[in-house]
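Undergrad: What follows is run.pdb, PDB, C-alpha atoms.
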```
MODEL        1
ATOM      1  CA  MET A 136       7.275 -22.975 -18.907
ATOM      2  CA  ARG A 137       8.839 -23.934 -15.598
ATOM      3  CA  LEU A 138      11.801 -21.664 -16.263
ATOM      4  CA  SER A 139       9.587 -18.695 -17.028
ATOM      5  CA  LEU A 140       7.594 -19.308 -13.841
ATOM      6  CA  ILE A 141      10.771 -19.373 -11.767
ATOM      7  CA  THR A 142      11.919 -16.167 -13.488
ATOM      8  CA  CYS A 143       8.622 -14.493 -12.649
ATOM      9  CA  LEU A 144       8.832 -15.647  -9.031
ATOM     10  CA  LEU A 145      12.323 -14.195  -8.714
ATOM     11  CA  LEU A 146      11.199 -10.953 -10.348
ATOM     12  CA  GLY A 147       8.231 -10.830  -8.007
ATOM     13  CA  ILE A 148      10.551 -11.033  -5.030
ATOM     14  CA  LEU A 149      13.346  -8.781  -6.268
ATOM     15  CA  LEU A 150      11.529  -6.004  -8.086
ATOM     16  CA  PRO A 151       9.512  -4.758  -5.097
ATOM     17  CA  VAL A 152      12.747  -4.331  -3.131
ATOM     18  CA  THR A 153      14.235  -2.056  -5.753
ATOM     19  CA  GLY A 154      10.884  -0.738  -6.917
ATOM     20  CA  SER A 155       9.704   0.404  -3.523
ATOM     21  CA  GLU A 156      12.877   2.404  -3.023
ATOM     22  CA  ALA A 157      12.377   4.022  -6.381
ATOM     23  CA  LEU A 158       8.747   4.673  -5.481
ATOM     24  CA  ALA A 159       9.738   6.135  -2.134
ATOM     25  CA  ALA A 160      12.265   8.361  -3.832
ATOM     26  CA  ASP A 161       9.610   9.535  -6.245
ATOM     27  CA  VAL A 162       7.129  10.278  -3.486
ATOM     28  CA  ALA A 163       9.707  11.598  -1.097
ATOM     29  CA  SER A 164       9.845  14.839   0.536
ATOM     30  CA  PRO A 165       8.553  17.849  -1.116
ATOM     31  CA  SER A 166       8.880  20.029   1.984
ATOM     32  CA  LYS A 167       5.905  19.811   4.257
ATOM     33  CA  GLU A 168       4.619  21.898   7.091
ATOM     34  CA  ILE A 169       3.217  19.963  10.017
ATOM     35  CA  VAL A 170       0.780  22.013  12.072
ATOM     36  CA  ILE A 171      -0.247  20.819  15.532
ATOM     37  CA  THR A 172      -3.274  22.485  17.062
ATOM     38  CA  LEU A 173      -4.594  21.866  20.570
ATOM     39  CA  TYR A 174      -8.342  22.267  21.076
ATOM     40  CA  LEU A 175     -10.482  22.120  24.159
ATOM     41  CA  GLY A 176     -13.895  20.639  23.484
ATOM     42  CA  GLN A 177     -16.620  21.627  25.920
ATOM     43  CA  ASN A 178     -20.328  22.383  25.874
ATOM     44  CA  THR A 179     -20.296  25.656  27.822
ATOM     45  CA  GLU A 180     -18.146  28.512  29.075
ATOM     46  CA  ILE A 181     -15.590  28.538  26.288
ATOM     47  CA  GLN A 182     -15.361  30.548  23.118
ATOM     48  CA  ASP A 183     -16.027  28.501  20.057
ATOM     49  CA  ASP A 184     -13.410  28.863  17.326
ATOM     50  CA  PRO A 185     -15.248  29.921  14.155
ATOM     51  CA  THR A 186     -12.201  29.222  11.966
ATOM     52  CA  ILE A 187     -12.353  25.439  12.345
ATOM     53  CA  ARG A 188     -12.948  23.803   8.975
ATOM     54  CA  PRO A 189     -16.523  22.538   8.721
ATOM     55  CA  ARG A 190     -15.516  18.957   7.949
ATOM     56  CA  LEU A 191     -13.101  18.904  10.895
ATOM     57  CA  ARG A 192     -15.756  20.337  13.202
ATOM     58  CA  GLU A 193     -18.234  17.745  12.001
ATOM     59  CA  ASN A 194     -15.687  15.044  12.775
ATOM     60  CA  LEU A 195     -14.913  16.443  16.242
ATOM     61  CA  VAL A 196     -18.613  16.627  17.115
ATOM     62  CA  LYS A 197     -19.117  13.088  15.873
ATOM     63  CA  LEU A 198     -16.124  11.761  17.840
ATOM     64  CA  PHE A 199     -16.368  13.715  21.095
ATOM     65  CA  GLY A 200     -19.886  15.080  21.204
ATOM     66  CA  TYR A 201     -19.032  18.586  22.394
ATOM     67  CA  SER A 202     -20.687  21.590  20.783
ATOM     68  CA  ARG A 203     -17.825  24.097  21.240
ATOM     69  CA  TYR A 204     -14.159  23.836  20.364
ATOM     70  CA  GLN A 205     -11.711  26.463  21.556
ATOM     71  CA  ARG A 206      -8.237  26.666  20.158
ATOM     72  CA  ILE A 207      -5.794  26.555  23.066
ATOM     73  CA  GLY A 208      -2.564  26.665  21.114
ATOM     74  CA  ILE A 209      -0.903  26.023  17.782
ATOM     75  CA  ASP A 210       2.633  25.321  16.580
ATOM     76  CA  MET A 211       4.198  24.161  13.370
ATOM     77  CA  VAL A 212       7.359  22.401  12.284
ATOM     78  CA  TYR A 213       9.084  21.816   8.968
ATOM     79  CA  PRO A 214      10.672  18.375   9.086
ATOM     80  CA  HIS A 215      13.106  18.138   6.184
ATOM     81  CA  SER A 216      15.875  15.821   7.359
ATOM     82  CA  ASN A 217      16.542  13.243  10.001
ATOM     83  CA  SER A 218      17.167  15.845  12.691
ATOM     84  CA  PRO A 219      14.151  15.930  14.993
ATOM     85  CA  VAL A 220      12.001  19.031  15.239
ATOM     86  CA  THR A 221       9.581  19.651  18.082
ATOM     87  CA  ALA A 222       6.279  21.488  18.053
ATOM     88  CA  ARG A 223       4.827  22.815  21.306
ATOM     89  CA  PRO A 224       1.200  23.869  20.874
ATOM     90  CA  ASN A 225       1.035  24.682  24.592
ATOM     91  CA  LYS A 226       3.082  24.087  27.697
ATOM     92  CA  LEU A 227       1.554  20.649  28.291
ATOM     93  CA  PHE A 228       2.081  18.967  24.953
ATOM     94  CA  SER A 229       5.055  18.559  22.675
ATOM     95  CA  MET A 230       5.346  16.570  19.513
ATOM     96  CA  THR A 231       8.696  15.648  17.997
ATOM     97  CA  VAL A 232       8.784  14.751  14.314
ATOM     98  CA  TYR A 233      11.679  13.406  12.276
ATOM     99  CA  ALA A 234      12.358  11.482   9.094
ATOM    100  CA  VAL A 235      14.289   8.265   9.676
ATOM    101  CA  ASN A 236      14.865   7.849   5.968
ATOM    102  CA  PRO A 237      14.946  11.173   4.094
ATOM    103  CA  ALA A 238      13.986   9.336   0.894
ATOM    104  CA  SER A 239      10.788   8.037   2.475
ATOM    105  CA  PRO A 240       7.581  10.020   2.950
ATOM    106  CA  ARG A 241       7.097   8.441   6.382
ATOM    107  CA  TYR A 242       7.893  10.462   9.518
ATOM    108  CA  GLU A 243       8.453   9.123  13.017
ATOM    109  CA  PHE A 244       6.862  11.027  15.870
ATOM    110  CA  GLU A 245       6.743  11.116  19.633
ATOM    111  CA  LEU A 246       3.999  12.860  21.546
ATOM    112  CA  LYS A 247       4.749  13.914  25.100
ATOM    113  CA  LEU A 248       2.534  15.239  27.867
ATOM    114  CA  GLU A 249       4.561  17.188  30.407
ATOM    115  CA  ASP A 250       7.724  15.376  29.296
ATOM    116  CA  GLN A 251       6.127  11.956  29.769
ATOM    117  CA  SER A 252       5.935   9.945  26.576
ATOM    118  CA  VAL A 253       2.356   9.356  25.466
ATOM    119  CA  LEU A 254       2.826   7.860  22.006
ATOM    120  CA  LYS A 255       5.516   6.850  19.606
ATOM    121  CA  GLY A 256       4.779   5.920  16.053
ATOM    122  CA  SER A 257       5.022   6.941  12.459
ATOM    123  CA  PHE A 258       2.808   8.533   9.867
ATOM    124  CA  ILE A 259       2.755   9.637   6.255
ATOM    125  CA  PRO A 260       1.622  13.260   6.241
ATOM    126  CA  LYS A 261      -1.056  13.952   3.651
ATOM    127  CA  PRO A 262      -2.549  17.363   3.032
ATOM    128  CA  GLY A 263      -6.269  17.380   3.755
ATOM    129  CA  ILE A 264      -6.121  14.285   5.954
ATOM    130  CA  PRO A 265      -5.686  15.415   9.570
ATOM    131  CA  ILE A 266      -4.718  13.178  12.449
ATOM    132  CA  ILE A 267      -6.964  13.667  15.475
ATOM    133  CA  ILE A 268      -5.456  12.579  18.799
ATOM    134  CA  LYS A 269      -7.644  12.222  21.854
ATOM    135  CA  GLY A 270      -6.058  13.975  24.825
ATOM    136  CA  PRO A 271      -6.911  13.904  28.520
ATOM    137  CA  LEU A 272     -10.085  15.215  30.106
ATOM    138  CA  TYR A 273      -9.648  18.770  31.322
ATOM    139  CA  GLY A 274     -12.158  20.433  33.645
ATOM    140  CA  GLU A 275     -15.522  19.840  32.076
ATOM    141  CA  GLY A 276     -14.100  19.219  28.669
ATOM    142  CA  GLN A 277     -11.689  17.274  26.562
ATOM    143  CA  LEU A 278      -8.275  18.174  25.144
ATOM    144  CA  ILE A 279      -7.826  17.235  21.493
ATOM    145  CA  LEU A 280      -4.773  17.500  19.259
ATOM    146  CA  VAL A 281      -5.158  17.906  15.519
ATOM    147  CA  VAL A 282      -2.156  17.316  13.267
ATOM    148  CA  ASP A 283      -2.482  18.888   9.829
ATOM    149  CA  THR A 284      -0.151  18.790   6.865
ATOM    150  CA  ALA A 285       0.436  21.507   4.319
ATOM    151  CA  LYS A 286       2.671  21.339   1.227
ATOM    152  CA  LEU A 287       5.180  24.119   0.949
TER     153      LEU A 287
ATOM    154  CA  MET B 231       2.588 -45.419 -35.793
ATOM    155  CA  LYS B 232       5.404 -43.501 -37.562
ATOM    156  CA  ASN B 233       5.638 -43.842 -41.310
ATOM    157  CA  SER B 234       2.213 -45.419 -41.399
ATOM    158  CA  GLU B 235      -0.106 -44.516 -44.223
ATOM    159  CA  SER B 236      -2.908 -43.806 -41.774
ATOM    160  CA  PHE B 237      -0.716 -41.267 -39.948
ATOM    161  CA  LYS B 238       0.091 -39.425 -43.171
ATOM    162  CA  ARG B 239      -3.526 -39.447 -44.243
ATOM    163  CA  GLU B 240      -4.633 -38.067 -40.886
ATOM    164  CA  LEU B 241      -1.943 -35.395 -41.010
ATOM    165  CA  ASP B 242      -3.038 -34.362 -44.506
ATOM    166  CA  LEU B 243      -6.618 -34.225 -43.322
ATOM    167  CA  LEU B 244      -5.765 -32.093 -40.294
ATOM    168  CA  GLU B 245      -3.605 -29.756 -42.334
ATOM    169  CA  SER B 246      -6.367 -29.251 -44.823
ATOM    170  CA  GLU B 247      -8.749 -28.204 -42.057
ATOM    171  CA  LYS B 248      -6.766 -25.229 -40.720
ATOM    172  CA  PRO B 249      -3.811 -23.351 -42.114
ATOM    173  CA  GLY B 250      -0.726 -23.726 -39.933
ATOM    174  CA  THR B 251       0.832 -20.610 -38.434
ATOM    175  CA  GLY B 252       3.789 -20.184 -36.123
ATOM    176  CA  GLU B 253       4.057 -23.032 -33.619
ATOM    177  CA  LEU B 254       1.485 -25.099 -35.505
ATOM    178  CA  SER B 255       3.355 -24.819 -38.775
ATOM    179  CA  ARG B 256       6.588 -25.864 -37.090
ATOM    180  CA  LEU B 257       4.914 -28.861 -35.473
ATOM    181  CA  GLN B 258       3.429 -29.946 -38.762
ATOM    182  CA  GLN B 259       6.802 -29.702 -40.471
ATOM    183  CA  ASP B 260       8.470 -31.593 -37.617
ATOM    184  CA  LEU B 261       5.947 -34.382 -37.791
ATOM    185  CA  ARG B 262       6.318 -34.687 -41.544
ATOM    186  CA  ARG B 263      10.108 -34.766 -41.261
ATOM    187  CA  HIS B 264      10.066 -37.279 -38.415
ATOM    188  CA  ALA B 265       7.679 -39.454 -40.355
ATOM    189  CA  ALA B 266       9.926 -39.290 -43.429
ATOM    190  CA  GLU B 267      13.304 -39.659 -41.747
ATOM    191  CA  ASN B 268      12.307 -42.042 -38.984
ATOM    192  CA  GLU B 269      14.834 -40.390 -36.686
ATOM    193  CA  ARG B 270      12.963 -39.870 -33.416
ATOM    194  CA  SER B 271      11.601 -42.246 -30.798
ATOM    195  CA  ASP B 272       7.981 -43.280 -30.610
ATOM    196  CA  GLN B 273       7.705 -41.374 -27.358
ATOM    197  CA  HIS B 274       8.865 -38.112 -28.965
ATOM    198  CA  GLN B 275       6.602 -38.581 -31.913
ATOM    199  CA  THR B 276       3.642 -39.318 -29.682
ATOM    200  CA  TRP B 277       4.360 -36.118 -27.758
ATOM    201  CA  ALA B 278       4.593 -34.083 -30.971
ATOM    202  CA  TRP B 279       1.428 -35.686 -32.256
ATOM    203  CA  THR B 280      -0.433 -34.825 -29.054
ATOM    204  CA  ARG B 281       0.762 -31.235 -29.315
ATOM    205  CA  LEU B 282      -0.382 -30.991 -32.889
ATOM    206  CA  ARG B 283      -3.829 -32.292 -32.005
ATOM    207  CA  ALA B 284      -4.064 -29.772 -29.145
ATOM    208  CA  GLU B 285      -3.011 -26.952 -31.462
ATOM    209  CA  LEU B 286      -5.523 -27.879 -34.102
ATOM    210  CA  GLN B 287      -8.361 -28.337 -31.658
ATOM    211  CA  SER B 288      -7.822 -25.119 -29.734
ATOM    212  CA  PRO B 289      -9.519 -21.951 -30.982
ATOM    213  CA  ILE B 290      -7.068 -19.527 -32.544
ATOM    214  CA  THR B 291      -7.385 -15.838 -31.732
ATOM    215  CA  GLY B 292      -5.305 -13.719 -34.053
ATOM    216  CA  HIS B 293      -1.780 -15.094 -34.083
ATOM    217  CA  VAL B 294      -1.766 -16.171 -30.415
ATOM    218  CA  SER B 295      -2.941 -19.708 -29.886
ATOM    219  CA  ALA B 296      -4.391 -20.956 -26.640
ATOM    220  CA  TRP B 297      -1.175 -22.806 -26.023
ATOM    221  CA  ASN B 298       0.852 -19.593 -26.371
ATOM    222  CA  TRP B 299      -1.732 -17.681 -24.363
ATOM    223  CA  GLN B 300      -1.362 -20.022 -21.402
ATOM    224  CA  ARG B 301       2.385 -20.193 -21.757
ATOM    225  CA  LEU B 302       2.884 -16.428 -21.846
ATOM    226  CA  PHE B 303      -0.062 -14.925 -20.008
ATOM    227  CA  LEU B 304      -0.316 -17.055 -16.873
ATOM    228  CA  PRO B 305       3.330 -16.682 -15.784
ATOM    229  CA  SER B 306       3.139 -12.948 -16.479
ATOM    230  CA  LEU B 307      -0.030 -12.704 -14.405
ATOM    231  CA  ALA B 308       1.590 -14.662 -11.572
ATOM    232  CA  GLY B 309       4.666 -12.423 -11.712
ATOM    233  CA  ALA B 310       2.634  -9.219 -11.744
ATOM    234  CA  THR B 311       0.574 -10.429  -8.783
ATOM    235  CA  LEU B 312       3.719 -11.199  -6.828
ATOM    236  CA  ILE B 313       5.199  -7.811  -7.685
ATOM    237  CA  LEU B 314       2.085  -6.000  -6.497
ATOM    238  CA  LEU B 315       1.905  -8.106  -3.335
ATOM    239  CA  GLY B 316       5.572  -7.467  -2.583
ATOM    240  CA  ALA B 317       5.229  -3.723  -3.143
ATOM    241  CA  TYR B 318       2.143  -3.668  -0.908
ATOM    242  CA  LEU B 319       3.920  -5.496   1.915
ATOM    243  CA  LEU B 320       7.108  -3.442   1.661
ATOM    244  CA  SER B 321       5.269  -0.163   1.589
ATOM    245  CA  GLY B 322       3.985  -0.809   5.119
ATOM    246  CA  SER B 323       0.777  -2.630   4.295
ATOM    247  CA  GLY B 324      -0.874   0.596   3.270
ATOM    248  CA  ALA B 325      -1.105   1.897   6.835
ATOM    249  CA  ASP B 326      -0.340   5.621   6.865
ATOM    250  CA  LEU B 327      -0.396   5.762  10.651
ATOM    251  CA  LYS B 328       1.282   3.349  13.017
ATOM    252  CA  ILE B 329       1.579   3.414  16.796
ATOM    253  CA  SER B 330       4.592   1.520  18.111
ATOM    254  CA  ILE B 331       4.775   2.481  21.802
ATOM    255  CA  THR B 332       2.402   4.061  24.279
ATOM    256  CA  GLY B 333       3.227   5.565  27.658
ATOM    257  CA  SER B 334       2.720   3.602  30.843
ATOM    258  CA  ASP B 335      -0.937   2.872  31.679
ATOM    259  CA  LEU B 336      -2.028   4.328  28.353
ATOM    260  CA  TYR B 337      -3.770   2.500  25.544
ATOM    261  CA  ALA B 338      -4.070   3.687  21.973
ATOM    262  CA  ASN B 339      -6.115   2.583  19.036
ATOM    263  CA  THR B 340      -6.218   3.987  15.510
ATOM    264  CA  PHE B 341      -9.092   4.224  13.092
ATOM    265  CA  THR B 342     -10.411   6.527  10.421
ATOM    266  CA  SER B 343     -13.350   8.881  10.799
ATOM    267  CA  GLY B 344     -14.449  10.753   7.728
ATOM    268  CA  GLU B 345     -11.345  12.043   6.030
ATOM    269  CA  ALA B 346      -9.354  12.039   9.297
ATOM    270  CA  GLN B 347      -7.194   9.457  10.975
ATOM    271  CA  VAL B 348      -7.868   9.145  14.685
ATOM    272  CA  ILE B 349      -5.645   8.034  17.552
ATOM    273  CA  TRP B 350      -7.928   7.212  20.445
ATOM    274  CA  VAL B 351      -5.851   7.256  23.617
ATOM    275  CA  THR B 352      -7.265   6.165  26.976
ATOM    276  CA  GLY B 353      -5.774   5.991  30.456
ATOM    277  CA  TYR B 354      -4.775   9.641  30.925
ATOM    278  CA  ASN B 355      -4.967  11.245  34.325
ATOM    279  CA  TYR B 356      -7.689  13.861  34.642
ATOM    280  CA  ILE B 357      -6.459  17.446  34.580
ATOM    281  CA  PRO B 358      -8.453  19.818  36.794
ATOM    282  CA  SER B 359      -9.513  23.127  35.318
ATOM    283  CA  SER B 360      -7.502  24.950  37.977
ATOM    284  CA  TYR B 361      -4.381  23.809  36.114
ATOM    285  CA  PRO B 362      -3.420  26.455  33.520
ATOM    286  CA  ILE B 363      -2.944  24.970  30.101
ATOM    287  CA  LYS B 364      -2.304  28.021  27.916
TER     288      LYS B 364
ENDMDL
END
```
Can you dump the structure from the file as structure tokens?
TA:
Amino acid sequence: MRLSLITCLLLGILLPVTGSEALAADVASPSKEIVITLYLGQNTEIQDDPTIRPRLRENLVKLFGYSRYQRIGIDMVYPHSNSPVTARPNKLFSMTVYAVNPASPRYEFELKLEDQSVLKGSFIPKPGIPIIIKGPLYGEGQLILVVDTAKL
Amino acid sequence: MKNSESFKRELDLLESEKPGTGELSRLQQDLRRHAAENERSDQHQTWAWTRLRAELQSPITGHVSAWNWQRLFLPSLAGATLILLGAYLLSGSGADLKISITGSDLYANTFTSGEAQVIWVTGYNYIPSSYPIK
């Protein structure tokens, strides 16, 4: 009884180490397209983008309260190895994405605003689950970055 | 106790109540042999006797007795729980989005809103509309 408990404890510690790598390898990297879109949210004087997905628009209205969202710029990258790739949706923002471990689905990223680092972190891109990043206030509105993922 | 007539009678009585299978059958045979050969200590025989009583008194489901159930199932459950816990911790605690560093004077928080993940950053400098952003 005691022996089997010790065996199970050891398995419980060791298997996740090997298992998670196997899991990561299974999940890892079908090529993905990361699309970064910069929006300006404002109540007046801008052209509303009619192509915004309804659920995303609903979320933007709920989060920021503006009635109109104009697309300022868009760029996309295809991170497929550990060499960084940088998307520049406009001249203000840049976002560098790279995979630290090519076998892992997790990507590191750095967001810069005029070459000043704003954020560093990591994310697991998932199609249909955008990342909304609050940007600075601009004029009478608000700059917003939306990071989308598409499977290739 | 060993070799006593009362022990043999009680063993016969218990055996007649339930048919022995697997572990129970082995215990019954052991007890009979120990009683006949007088080769084990009182302590061992008492232990075997206690086991036999427990086997006979526990409800039997199919061929897996309660004793076997506890012996096999509980360690397996403990192991599986540890495996799941380990996998959960090593896979980054389930967080798909992590912020490690923010720029100077900036603060960031993450949360989910609807189907989206949100990074709420505060502390930016205001950008006047005279500044071209396209």
Undergrad: With distances taken over all atoms listed in the file, which of B:Ser334, B:Thr311, B:Ser359, B:Ser271 is nearest to chain A?
TA: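 Comparing B:Ser334, B:Thr311, B:Ser359, B:Ser271 against chain A, the winner is B:Ser359.
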Undergrad: Using all atoms listed in the file, can you tell me which of A:Val235, A:Val220, A:Ile279, A:Ile259 comes closest to chain B?
TA: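 Among the listed residues, A:Ile259 lies closest to chain B.
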Undergrad: Which one of A:Arg190, A:Lys167, A:Lys255, A:Arg241 sits closest to chain B if you count only C-alpha atoms?
TA: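 Between A:Arg190, A:Lys167, A:Lys255, A:Arg241, the residue approaching chain B most closely is A:Lys255.
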Undergrad: Only residues of chain B matter here; which ones have an atom within 7 Å of chain A, counting all atoms listed in the file? Give them as number ranges by chain.
TA: B: 301, 305-306, 309-310, 312-313, 316-317, 320-321, 326-333, 343-351, 354-359, 363-364
Undergrad: Please produce a file of the residues just selected, as a PDB file, keeping the file's coordinate frame, where the atoms kept are C-alpha atoms.
TA:
```pdb
ATOM      1  CA  ARG B 301       2.385 -20.193 -21.757  1.00  0.00           C
ATOM      2  CA  PRO B 305       3.330 -16.682 -15.784  1.00  0.00           C
ATOM      3  CA  SER B 306       3.139 -12.948 -16.479  1.00  0.00           C
ATOM      4  CA  GLY B 309       4.666 -12.423 -11.712  1.00  0.00           C
ATOM      5  CA  ALA B 310       2.634  -9.219 -11.744  1.00  0.00           C
ATOM      6  CA  LEU B 312       3.719 -11.199  -6.828  1.00  0.00           C
ATOM      7  CA  ILE B 313       5.199  -7.811  -7.685  1.00  0.00           C
ATOM      8  CA  GLY B 316       5.572  -7.467  -2.583  1.00  0.00           C
ATOM      9  CA  ALA B 317       5.229  -3.723  -3.143  1.00  0.00           C
ATOM     10  CA  LEU B 320       7.108  -3.442   1.661  1.00  0.00           C
ATOM     11  CA  SER B 321       5.269  -0.163   1.589  1.00  0.00           C
ATOM     12  CA  ASP B 326      -0.340   5.621   6.865  1.00  0.00           C
ATOM     13  CA  LEU B 327      -0.396   5.762  10.651  1.00  0.00           C
ATOM     14  CA  LYS B 328       1.282   3.349  13.017  1.00  0.00           C
ATOM     15  CA  ILE B 329       1.579   3.414  16.796  1.00  0.00           C
ATOM     16  CA  SER B 330       4.592   1.520  18.111  1.00  0.00           C
ATOM     17  CA  ILE B 331       4.775   2.481  21.802  1.00  0.00           C
ATOM     18  CA  THR B 332       2.402   4.061  24.279  1.00  0.00           C
ATOM     19  CA  GLY B 333       3.227   5.565  27.658  1.00  0.00           C
ATOM     20  CA  SER B 343     -13.350   8.881  10.799  1.00  0.00           C
ATOM     21  CA  GLY B 344     -14.449  10.753   7.728  1.00  0.00           C
ATOM     22  CA  GLU B 345     -11.345  12.043   6.030  1.00  0.00           C
ATOM     23  CA  ALA B 346      -9.354  12.039   9.297  1.00  0.00           C
ATOM     24  CA  GLN B 347      -7.194   9.457  10.975  1.00  0.00           C
ATOM     25  CA  VAL B 348      -7.868   9.145  14.685  1.00  0.00           C
ATOM     26  CA  ILE B 349      -5.645   8.034  17.552  1.00  0.00           C
ATOM     27  CA  TRP B 350      -7.928   7.212  20.445  1.00  0.00           C
ATOM     28  CA  VAL B 351      -5.851   7.256  23.617  1.00  0.00           C
ATOM     29  CA  TYR B 354      -4.775   9.641  30.925  1.00  0.00           C
ATOM     30  CA  ASN B 355      -4.967  11.245  34.325  1.00  0.00           C
ATOM     31  CA  TYR B 356      -7.689  13.861  34.642  1.00  0.00           C
ATOM     32  CA  ILE B 357      -6.459  17.446  34.580  1.00  0.00           C
ATOM     33  CA  PRO B 358      -8.453  19.818  36.794  1.00  0.00           C
ATOM     34  CA  SER B 359      -9.513  23.127  35.318  1.00  0.00           C
ATOM     35  CA  ILE B 363      -2.944  24.970  30.101  1.00  0.00           C
ATOM     36  CA  LYS B 364      -2.304  28.021  27.916  1.00  0.00           C
TER      37      LYS B 364
END
```
Undergrad: Would you mind reading off the distance between CA of Asp210 (chain A) and CA of Thr172 (chain A), one decimal, in Å?
TA: 6.6 Å
Undergrad: Report, in Å with one decimal, the straight-line distance from CA of Gly200 (chain A) to CA of Asp335 (chain B).
TA: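 These two atoms are separated by 24.9 Å.
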Undergrad: Quick one: distance from CA of Lys286 (chain A) to CA of Val170 (chain A) in Å, one decimal?
TA: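 About the pair CA of Lys286 (chain A) and CA of Val170 (chain A): they are 11.0 Å apart.
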Undergrad: Return as lines of an AutoDock Vina configuration file the centre and edge lengths, in Å with one decimal, of the box along x, y and z that encloses every atom of region 193-212 of chain A in the file, padded by 8 Å per side.
TA:
```
center_x = -6.7
center_y = 19.2
center_z = 17.5
size_x = 44.0
size_y = 30.9
size_z = 27.1
```
Undergrad: Give me the residues near Leu261 (chain B) as an NGL selection string, where near means some atom within 9 Å (using all atoms listed in the file) and where sequence neighbours in that chain fewer than 6 positions away do not count.
TA: :B and (241 or 275 or 278-279 or 282)
